[in-house]
Structures are given as C-alpha cells and as structure tokens.
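*Asks:* Supplied structure: coords_34.txt, compact mmCIF, C-alpha atoms.
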# COMPACT_ATOMS: atom_id res chain seq x y z
CA ASP X 909 0.00 0.00 0.00
CA GLY X 910 1.26 3.47 -0.84
CA GLY X 911 1.23 6.17 1.76
CA ILE X 912 3.05 8.35 4.23
CA THR X 913 4.35 7.07 7.52
CA GLN X 914 5.38 9.11 10.50
CA SER X 915 7.06 7.71 13.54
CA PRO X 916 6.68 7.59 16.38
CA LYS X 917 3.03 8.49 16.99
CA TYR X 918 3.82 9.87 20.44
CA LEU X 919 7.15 11.31 21.51
CA PHE X 920 8.27 12.68 24.85
CA ARG X 921 11.42 14.71 25.42
CA LYS X 922 13.04 16.82 28.06
CA GLU X 923 13.48 20.51 27.47
CA GLY X 924 16.83 21.34 25.89
CA GLN X 925 17.08 18.16 23.84
CA ASN X 926 16.94 18.02 20.07
CA VAL X 927 14.51 15.50 18.62
CA THR X 928 14.04 14.22 15.08
CA LEU X 929 10.66 13.26 13.65
CA SER X 930 10.56 10.76 10.82
CA CYS X 931 8.51 11.10 7.62
CA GLU X 932 8.68 8.52 4.82
CA GLN X 933 6.55 8.23 1.68
CA ASN X 934 6.40 5.57 -1.02
CA LEU X 935 4.11 7.53 -3.33
CA ASN X 936 6.97 8.73 -5.53
CA HIS X 937 5.94 12.30 -4.73
CA ASP X 938 8.42 15.09 -5.36
CA ALA X 939 7.20 17.64 -2.82
CA MET X 940 7.08 17.10 0.93
CA TYR X 941 5.91 19.37 3.74
CA TRP X 942 6.00 19.71 7.50
CA TYR X 943 3.18 21.38 9.41
CA ARG X 944 2.65 22.13 13.06
CA GLN X 945 -0.79 22.14 14.65
CA ASP X 946 -1.59 23.46 18.12
CA PRO X 947 -4.82 22.55 19.95
CA GLY X 948 -7.87 24.04 18.28
CA GLN X 949 -5.79 25.73 15.59
CA GLY X 950 -5.17 25.27 11.90
CA LEU X 951 -1.97 23.95 10.33
CA ARG X 952 1.08 26.16 10.05
CA LEU X 953 3.84 25.43 7.57
CA ILE X 954 7.31 24.81 8.96
CA TYR X 955 9.35 23.71 5.93
CA TYR X 956 8.72 22.29 2.50
CA SER X 957 10.82 20.63 -0.16
CA GLN X 958 10.01 20.43 -3.85
CA ILE X 959 12.98 18.30 -4.84
CA VAL X 960 15.80 16.29 -3.33
CA ASN X 961 18.56 18.36 -1.69
CA ASP X 962 16.42 21.49 -1.72
CA PHE X 963 14.00 22.92 0.83
CA GLN X 964 12.42 26.23 1.78
CA LYS X 965 11.35 27.79 5.03
CA GLY X 966 7.67 28.12 5.77
CA ASP X 967 5.93 30.53 8.11
CA ILE X 968 7.39 29.21 11.37
CA ALA X 969 10.80 27.70 10.53
CA GLU X 970 12.69 29.15 13.52
CA GLY X 971 13.90 26.43 15.85
CA TYR X 972 13.46 23.68 13.27
CA SER X 973 15.70 22.07 10.67
CA VAL X 974 15.13 19.58 7.85
CA SER X 975 17.03 17.55 5.29
CA ARG X 976 16.01 15.98 1.99
CA GLU X 977 18.72 13.53 1.03
CA LYS X 978 16.30 11.02 -0.47
CA LYS X 979 13.07 11.55 -2.37
CA GLU X 980 11.11 9.38 0.00
CA SER X 981 12.36 10.86 3.28
CA PHE X 982 11.99 14.31 4.87
CA PRO X 983 12.98 14.23 8.56
CA LEU X 984 12.28 17.21 10.82
CA THR X 985 14.52 18.11 13.74
CA VAL X 986 13.02 20.13 16.55
CA THR X 987 15.95 21.89 18.15
CA SER X 988 16.35 23.26 21.65
CA ALA X 989 15.97 26.72 20.12
CA GLN X 990 12.28 26.10 19.50
CA LYS X 991 10.61 27.82 22.44
CA ASN X 992 7.28 25.97 22.40
CA PRO X 993 7.89 22.60 20.76
CA THR X 994 4.93 20.73 22.24
CA ALA X 995 2.50 20.25 19.35
CA PHE X 996 1.06 17.86 16.78
CA TYR X 997 3.37 17.57 13.76
CA LEU X 998 2.07 16.55 10.35
CA CYS X 999 4.00 15.55 7.26
CA ALA X 1000 2.48 15.72 3.77
CA SER X 1001 3.47 15.14 0.15
CA THR X 1002 2.26 16.02 -3.35
CA PRO X 1003 3.40 15.01 -6.83
CA ARG X 1004 5.48 17.49 -8.85
CA GLN X 1005 2.54 18.50 -11.00
CA GLY X 1006 0.56 19.49 -7.94
CA GLY X 1007 -2.74 18.23 -6.73
CA SER X 1008 -4.07 17.27 -3.35
CA LYS X 1009 -1.78 16.73 -0.42
CA TYR X 1010 -1.50 13.34 1.21
CA PHE X 1011 -0.95 13.56 4.95
CA GLY X 1012 0.70 11.20 7.36
CA PRO X 1013 -0.90 10.19 10.68
CA GLY X 1014 1.07 12.77 12.63
CA THR X 1015 3.45 12.74 15.60
CA ARG X 1016 2.40 14.26 18.89
CA LEU X 1017 5.47 15.72 20.58
CA THR X 1018 5.44 16.61 24.26
CA VAL X 1019 8.39 18.46 25.75
CA THR X 1020 8.60 18.94 29.51
CA LEU Q 864 -1.09 33.77 -1.44
CA ALA Q 865 -4.85 34.09 -1.48
CA LYS Q 866 -6.26 34.37 2.03
CA THR Q 867 -9.40 32.47 2.88
CA THR Q 868 -12.15 33.19 5.37
CA GLN Q 869 -14.49 30.53 6.73
CA PRO Q 870 -16.99 30.39 9.58
CA ILE Q 871 -15.36 29.18 12.76
CA SER Q 872 -18.05 26.62 13.52
CA MET Q 873 -21.35 25.18 12.33
CA ASP Q 874 -23.92 22.85 13.83
CA SER Q 875 -26.18 20.48 11.95
CA TYR Q 876 -28.33 17.39 12.47
CA GLU Q 877 -28.05 13.95 10.96
CA GLY Q 878 -29.60 13.67 7.53
CA GLN Q 879 -29.39 17.38 6.74
CA GLU Q 880 -27.42 18.98 3.93
CA VAL Q 881 -24.56 21.16 5.13
CA ASN Q 882 -23.10 24.03 3.14
CA ILE Q 883 -19.83 25.62 4.23
CA THR Q 884 -18.81 28.78 2.42
CA CYS Q 885 -15.26 30.03 2.01
CA SER Q 886 -14.37 33.56 0.89
CA HIS Q 887 -11.23 34.13 -1.18
CA ASN Q 888 -11.48 37.61 -2.62
CA ASN Q 889 -7.87 37.69 -3.83
CA ILE Q 890 -7.93 34.43 -5.74
CA ALA Q 891 -5.57 34.46 -8.72
CA THR Q 892 -6.31 33.28 -12.24
CA ASN Q 893 -4.29 30.09 -11.85
CA ASP Q 894 -5.55 29.21 -8.38
CA TYR Q 895 -7.55 26.11 -7.58
CA ILE Q 896 -9.82 25.66 -4.56
CA THR Q 897 -9.32 22.58 -2.42
CA TRP Q 898 -11.18 21.33 0.65
CA TYR Q 899 -9.82 19.00 3.32
CA GLN Q 900 -11.44 17.22 6.26
CA GLN Q 901 -9.63 16.60 9.53
CA PHE Q 902 -10.63 14.40 12.46
CA PRO Q 903 -8.98 14.90 15.88
CA SER Q 904 -5.39 13.65 16.08
CA GLN Q 905 -5.32 12.70 12.39
CA GLY Q 906 -3.89 14.27 9.27
CA PRO Q 907 -6.25 16.16 6.96
CA ARG Q 908 -7.89 14.17 4.18
CA PHE Q 909 -8.57 15.52 0.68
CA ILE Q 910 -12.29 15.95 -0.05
CA ILE Q 911 -12.66 17.83 -3.33
CA GLN Q 912 -10.94 20.29 -5.63
CA GLY Q 913 -12.28 22.65 -8.29
CA TYR Q 914 -11.53 25.62 -10.49
CA LYS Q 915 -14.94 26.92 -11.55
CA THR Q 916 -18.66 26.11 -11.68
CA LYS Q 917 -19.49 22.80 -10.00
CA VAL Q 918 -17.57 19.69 -9.10
CA THR Q 919 -19.13 16.60 -7.58
CA ASN Q 920 -17.68 13.38 -6.26
CA GLU Q 921 -18.95 10.55 -4.10
CA VAL Q 922 -18.42 12.56 -0.94
CA ALA Q 923 -19.32 16.18 -1.65
CA SER Q 924 -20.06 18.91 -4.15
CA LEU Q 925 -18.15 22.13 -4.64
CA PHE Q 926 -19.92 25.19 -6.01
CA ILE Q 927 -17.84 28.06 -7.39
CA PRO Q 928 -19.54 31.20 -8.76
CA ALA Q 929 -18.36 32.91 -11.90
CA ASP Q 930 -16.26 35.52 -10.06
CA ARG Q 931 -14.54 32.73 -8.05
CA LYS Q 932 -14.30 34.97 -4.98
CA SER Q 933 -16.02 32.36 -2.86
CA SER Q 934 -16.80 28.67 -2.89
CA THR Q 935 -19.26 26.43 -1.09
CA LEU Q 936 -18.63 22.90 0.05
CA SER Q 937 -21.87 20.93 0.17
CA LEU Q 938 -22.15 17.75 2.21
CA PRO Q 939 -25.38 15.86 1.48
CA ARG Q 940 -27.22 14.08 4.29
CA VAL Q 941 -24.52 14.36 6.95
CA SER Q 942 -24.03 11.73 9.61
CA LEU Q 943 -22.39 11.84 13.03
CA SER Q 944 -19.14 10.69 11.44
CA ASP Q 945 -18.97 13.91 9.42
CA THR Q 946 -18.21 15.81 12.61
CA ALA Q 947 -14.78 17.24 11.83
CA VAL Q 948 -12.88 20.38 10.88
CA TYR Q 949 -13.10 21.42 7.24
CA TYR Q 950 -10.38 23.52 5.61
CA CYS Q 951 -10.57 25.57 2.44
CA LEU Q 952 -7.30 26.21 0.59
CA VAL Q 953 -6.59 28.31 -2.46
CA GLY Q 954 -3.45 28.06 -4.56
CA THR Q 955 -1.90 27.01 -7.81
CA GLY Q 956 -2.41 23.30 -8.24
CA ASN Q 957 0.53 22.77 -10.55
CA ASN Q 958 3.10 24.35 -8.27
CA ALA Q 959 4.10 22.34 -5.26
CA GLY Q 960 5.23 25.51 -3.55
CA ASN Q 961 1.74 26.88 -3.40
CA MET Q 962 -1.36 25.85 -1.47
CA LEU Q 963 0.73 26.07 1.66
CA THR Q 964 -1.34 27.76 4.29
CA PHE Q 965 -4.26 26.25 6.15
CA GLY Q 966 -6.51 28.69 7.94
CA GLY Q 967 -8.40 27.88 11.10
CA GLY Q 968 -11.04 25.84 9.29
CA THR Q 969 -14.70 25.31 10.11
CA ARG Q 970 -15.63 22.99 12.95
CA LEU Q 971 -18.73 21.08 11.94
CA MET Q 972 -20.72 19.42 14.71
CA VAL Q 973 -23.36 16.95 13.59
CA LYS Q 974 -25.94 16.15 16.23
CA PRO Q 975 -28.29 13.16 16.40
Would you give me this structure, written as structure tokens?

*Replies:*
Amino acid sequence: DGGITQSPKYLFRKEGQNVTLSCEQNLNHDAMYWYRQDPGQGLRLIYYSQIVNDFQKGDIAEGYSVSREKKESFPLTVTSAQKNPTAFYLCASTPRQGGSKYFGPGTRLTVT
Amino acid sequence: LAKTTQPISMDSYEGQEVNITCSHNNIATNDYITWYQQFPSQGPRFIIQGYKTKVTNEVASLFIPADRKSSTLSLPRVSLSDTAVYYCLVGTGNNAGNMLTFGGGTRLMVKP
C-alpha cells in the first residue's frame, strides 16, 4: 500500500534536547511538507521541499531544521531553540505536478 | 497567497445537507480551490478540488460562482461521522510551492 508514515506516533522529550521526527513516503511524490498544529488551531507550515537536496522555510521555521537527502524521506529536527515545541506535527506530500496533499498520521510531541 | 475566510463553527443534524462557504477575494487566475477534512489527532484528508462552476464526487459537491471569490462545500445528508474540521485552501495546483497555508477551518458538529 502506498502512503506516508510518520514515527513515532507519540514522543516525549526533556526541554533542551533536540529530537528528530521521521517522515517517509512511497508515493513517488516530489514535494514534501512539515506542518505544526496546536490545539484548536489550523496547520502552520514549517518547511517544504520540492525536490531532493532542496527545501524552503515556511511561516514558522525558527527552531526547526530539515534535510532531503532522499526523495522518500523528509525528517524534521526540533531543536532546543524552538521555544514551544509541544505540538502535533504533520507531514504531507504532493506530486510534482501538484494536486491534493497526502498527509501522514502525525506525531504528537510533548516536551517537559 | 490568497487568504481564505471561513466560519469558525457550524452545527447540523443527521440527515441534513450542510453548506460551508469560504471567501477568497484575492484568488488568482491560476488558483484552484481545495477542501480538506480533519478528524482529531489525524492528518487532513482531501475531499474535493475545483476551479470553476461545480464539481461533484462521491463525498461532496463544490460550487464556485463565476467571479470565483467564494466557494461552497456541500455535504449531502450528513451523519455523526462527518463531525470534523473542514479547511478551504486556495493556490496554484501545478506548483508544489503553493497551497501552503491552512486557515483555522470550520468545525462542523453533527448532532443526532
């Protein structure tokens, strides 16, 4: 089955630690995205990548970093510089020619 | 990017038709209109996409007037399982860098 996987579903970290969230897709999509969602709010774009080895900052990139070494993988690192990292993180992908986004199941990160 | 405005919330009853309207006064010539559905703690799911007039699929209909400054998502005969948040997005479908921003969405509550 084709789709997007995110792991883990729940993640707990201590304040001051970096943490990396995994996102893998086997849809052969060129573009991948990371969003953050806070309770009761919409999705805010963190980073997106339209092609391997290239990515752009979204609206709230500060405190986050990404890499796109492979077409199917787009990991997100939440660094200690991110002041309020506790949130629900969603990964998505689209084909090069555009169209609807396919979303992963999300990772809920809690930092204490 | 075209900004969208939707009602924050709506209530309905099982079996009724629900219409959710989205305003996008600054829509560009190449922009498409896409609607997503999101259940709690899950990634958004594509519902329908259109450019003009009317689009219908097995789940919903999308009505777009000639000026394209608004659109209406129509859900026929809703059930309790349609309780979710619905997002309207506007952007260029053939550019993966667009269609980036999700607004707050409309929280639909379907009552028995």

*Asks:* Quick one: of Q:Leu936, Q:Val948, Q:Ala923, Q:Cys885, who's nearest to chain X, counting all atoms listed in the file?

*Replies:*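 The answer is Q:Val948, which sits nearest to chain X.
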
*Asks:* Expressed in Å to a single decimal, how great is the separation between CA of Lys979 (chain X) and CA of Ala1000 (chain X)?

*Replies:*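 Atom-to-atom, CA of Lys979 (chain X) to CA of Ala1000 (chain X), that is 12.9 Å.
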
*Asks:* Please return, as a PyMOL selection string, all residues of chain X lying within 12 Å of chain Q when only C-alpha atoms are considered.

*Replies:* chain X and resi 912-914+917-918+937-959+963-968+995-1017

*Asks:* So what do you get for CA of Val973 (chain Q) versus CA of Gly913 (chain Q), distance-wise?

*Replies:*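 Spanning CA of Val973 (chain Q) to CA of Gly913 (chain Q) is a straight-line distance of 25.2 Å.
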
*Asks:* One number please: CA of Thr928 (chain X) to CA of Val960 (chain X), in Å, one decimal.

*Replies:*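 CA of Val960 (chain X) lies at a distance of 18.6 Å from CA of Thr928 (chain X).
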
*Asks:* Pick out the residues sitting within 9 Å of Glu977 (chain X), and hand them over as a list of chain:residue names; count all atoms listed in the file, and ignore anything fewer than 5 positions along from it in its own chain.

*Replies:* X:Val960, X:Asn961, X:Asp962, X:Phe982

*Asks:* Hey, which of Q:Gly954, Q:Ser933, Q:Leu971, Q:Val941 ends up closest to Gln879 (chain Q)? Count only C-alpha atoms.

*Replies:*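 So, comparing all the options, the nearest one is Q:Val941.
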
*Asks:* Name the residues within 10 Å of (-21.6, 23.9, 1.0), counting all atoms listed in the file in the file's coordinates, and put them as a ChimeraX atom specification.

*Replies:* /Q:880-885,923-926,934-939

*Asks:* Would you mind exporting the chosen residues as an mmCIF file, keeping the file's coordinate frame, restricted to C-alpha atoms?

*Replies:*
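To be explicit, this is the file written out as result-v7.cif:
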data_model
loop_
_atom_site.group_PDB
_atom_site.id
_atom_site.type_symbol
_atom_site.label_atom_id
_atom_site.label_comp_id
_atom_site.auth_asym_id
_atom_site.auth_seq_id
_atom_site.Cartn_x
_atom_site.Cartn_y
_atom_site.Cartn_z
ATOM 1 C CA GLU Q 880 -27.420 18.980 3.930
ATOM 2 C CA VAL Q 881 -24.560 21.160 5.130
ATOM 3 C CA ASN Q 882 -23.100 24.030 3.140
ATOM 4 C CA ILE Q 883 -19.830 25.620 4.230
ATOM 5 C CA THR Q 884 -18.810 28.780 2.420
ATOM 6 C CA CYS Q 885 -15.260 30.030 2.010
ATOM 7 C CA ALA Q 923 -19.320 16.180 -1.650
ATOM 8 C CA SER Q 924 -20.060 18.910 -4.150
ATOM 9 C CA LEU Q 925 -18.150 22.130 -4.640
ATOM 10 C CA PHE Q 926 -19.920 25.190 -6.010
ATOM 11 C CA SER Q 934 -16.800 28.670 -2.890
ATOM 12 C CA THR Q 935 -19.260 26.430 -1.090
ATOM 13 C CA LEU Q 936 -18.630 22.900 0.050
ATOM 14 C CA SER Q 937 -21.870 20.930 0.170
ATOM 15 C CA LEU Q 938 -22.150 17.750 2.210
ATOM 16 C CA PRO Q 939 -25.380 15.860 1.480
#

*Asks:* With 3 Å on each side, where is the centre of the axis-aligned box around all listed atoms of region 933-944 of chain Q, and how long are its edges in Å to one decimal, as lines of an AutoDock Vina configuration file?

*Replies:*
center_x = -21.6
center_y = 21.5
center_z = 5.1
size_x = 17.2
size_y = 27.7
size_z = 21.9

*Asks:* Could you list as a JSON list (two decimals) with C-alpha atoms, in the coordinates of the input every residue that has an atom within 12 Å of (11.1, 25.8, 19.3), using the file's coordinates and counting only C-alpha atoms?

*Replies:*
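Generated file (selection-v3.json):
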[["chain", "number", "residue", "atom", "x", "y", "z"],
["X", 923, "GLU", "CA", 13.48, 20.51, 27.47],
["X", 924, "GLY", "CA", 16.83, 21.34, 25.89],
["X", 925, "GLN", "CA", 17.08, 18.16, 23.84],
["X", 926, "ASN", "CA", 16.94, 18.02, 20.07],
["X", 927, "VAL", "CA", 14.51, 15.50, 18.62],
["X", 944, "ARG", "CA", 2.65, 22.13, 13.06],
["X", 954, "ILE", "CA", 7.31, 24.81, 8.96],
["X", 968, "ILE", "CA", 7.39, 29.21, 11.37],
["X", 969, "ALA", "CA", 10.80, 27.70, 10.53],
["X", 970, "GLU", "CA", 12.69, 29.15, 13.52],
["X", 971, "GLY", "CA", 13.90, 26.43, 15.85],
["X", 972, "TYR", "CA", 13.46, 23.68, 13.27],
["X", 973, "SER", "CA", 15.70, 22.07, 10.67],
["X", 985, "THR", "CA", 14.52, 18.11, 13.74],
["X", 986, "VAL", "CA", 13.02, 20.13, 16.55],
["X", 987, "THR", "CA", 15.95, 21.89, 18.15],
["X", 988, "SER", "CA", 16.35, 23.26, 21.65],
["X", 989, "ALA", "CA", 15.97, 26.72, 20.12],
["X", 990, "GLN", "CA", 12.28, 26.10, 19.50],
["X", 991, "LYS", "CA", 10.61, 27.82, 22.44],
["X", 992, "ASN", "CA", 7.28, 25.97, 22.40],
["X", 993, "PRO", "CA", 7.89, 22.60, 20.76],
["X", 994, "THR", "CA", 4.93, 20.73, 22.24],
["X", 995, "ALA", "CA", 2.50, 20.25, 19.35],
["X", 1017, "LEU", "CA", 5.47, 15.72, 20.58],
["X", 1018, "THR", "CA", 5.44, 16.61, 24.26],
["X", 1019, "VAL", "CA", 8.39, 18.46, 25.75]]

*Asks:* So which one's closest to Asn934 (chain X), X:Gly911, X:Thr1020, X:Val974, X:Pro916? Using all atoms listed in the file, please.

*Replies:* X:Gly911

*Asks:* Since the input has fewer atoms than a full residue there, write region 959-975 of chain X out with N, CA, C and O atoms, as a compact mmCIF listing (two decimals), keeping the file's coordinate frame.

*Replies:*
# COMPACT_ATOMS: atom_id res chain seq x y z
N ILE X 959 12.09 19.23 -4.14
CA ILE X 959 12.98 18.30 -4.84
C ILE X 959 14.09 17.89 -3.90
O ILE X 959 14.38 18.60 -2.92
N VAL X 960 14.72 16.78 -4.18
CA VAL X 960 15.80 16.29 -3.33
C VAL X 960 16.90 17.34 -3.21
O VAL X 960 17.22 18.04 -4.18
N ASN X 961 17.46 17.44 -2.00
CA ASN X 961 18.56 18.36 -1.69
C ASN X 961 18.16 19.82 -1.79
O ASN X 961 19.04 20.70 -1.91
N ASP X 962 16.89 20.10 -1.72
CA ASP X 962 16.42 21.49 -1.72
C ASP X 962 15.21 21.61 -0.81
O ASP X 962 14.33 20.74 -0.81
N PHE X 963 15.16 22.69 -0.02
CA PHE X 963 14.00 22.92 0.83
C PHE X 963 13.89 24.41 1.13
O PHE X 963 14.88 25.15 1.02
N GLN X 964 12.69 24.83 1.50
CA GLN X 964 12.42 26.23 1.78
C GLN X 964 11.74 26.38 3.13
O GLN X 964 11.00 25.50 3.56
N LYS X 965 12.00 27.51 3.77
CA LYS X 965 11.35 27.79 5.03
C LYS X 965 9.88 28.15 4.82
O LYS X 965 9.51 28.80 3.84
N GLY X 966 9.07 27.72 5.77
CA GLY X 966 7.67 28.12 5.77
C GLY X 966 7.47 29.30 6.71
O GLY X 966 8.38 30.08 6.97
N ASP X 967 6.28 29.38 7.27
CA ASP X 967 5.93 30.53 8.11
C ASP X 967 6.58 30.52 9.49
O ASP X 967 6.78 31.55 10.10
N ILE X 968 6.90 29.31 9.98
CA ILE X 968 7.39 29.21 11.37
C ILE X 968 8.62 28.31 11.45
O ILE X 968 8.70 27.40 12.26
N ALA X 969 9.62 28.57 10.62
CA ALA X 969 10.80 27.70 10.53
C ALA X 969 11.78 27.85 11.70
O ALA X 969 12.60 26.95 11.93
N GLU X 970 11.71 28.92 12.45
CA GLU X 970 12.69 29.15 13.52
C GLU X 970 12.63 28.04 14.56
O GLU X 970 11.58 27.71 15.09
N GLY X 971 13.83 27.49 14.86
CA GLY X 971 13.90 26.43 15.85
C GLY X 971 13.75 25.04 15.27
O GLY X 971 13.76 24.06 16.00
N TYR X 972 13.60 24.96 13.95
CA TYR X 972 13.46 23.68 13.27
C TYR X 972 14.51 23.55 12.17
O TYR X 972 15.00 24.56 11.66
N SER X 973 14.84 22.31 11.82
CA SER X 973 15.70 22.07 10.67
C SER X 973 15.23 20.81 9.95
O SER X 973 14.58 19.95 10.55
N VAL X 974 15.54 20.73 8.65
CA VAL X 974 15.13 19.58 7.85
C VAL X 974 16.28 19.18 6.94
O VAL X 974 17.25 19.91 6.77
N SER X 975 16.13 18.00 6.34
CA SER X 975 17.03 17.55 5.29
C SER X 975 16.20 16.78 4.28
O SER X 975 15.14 16.26 4.60
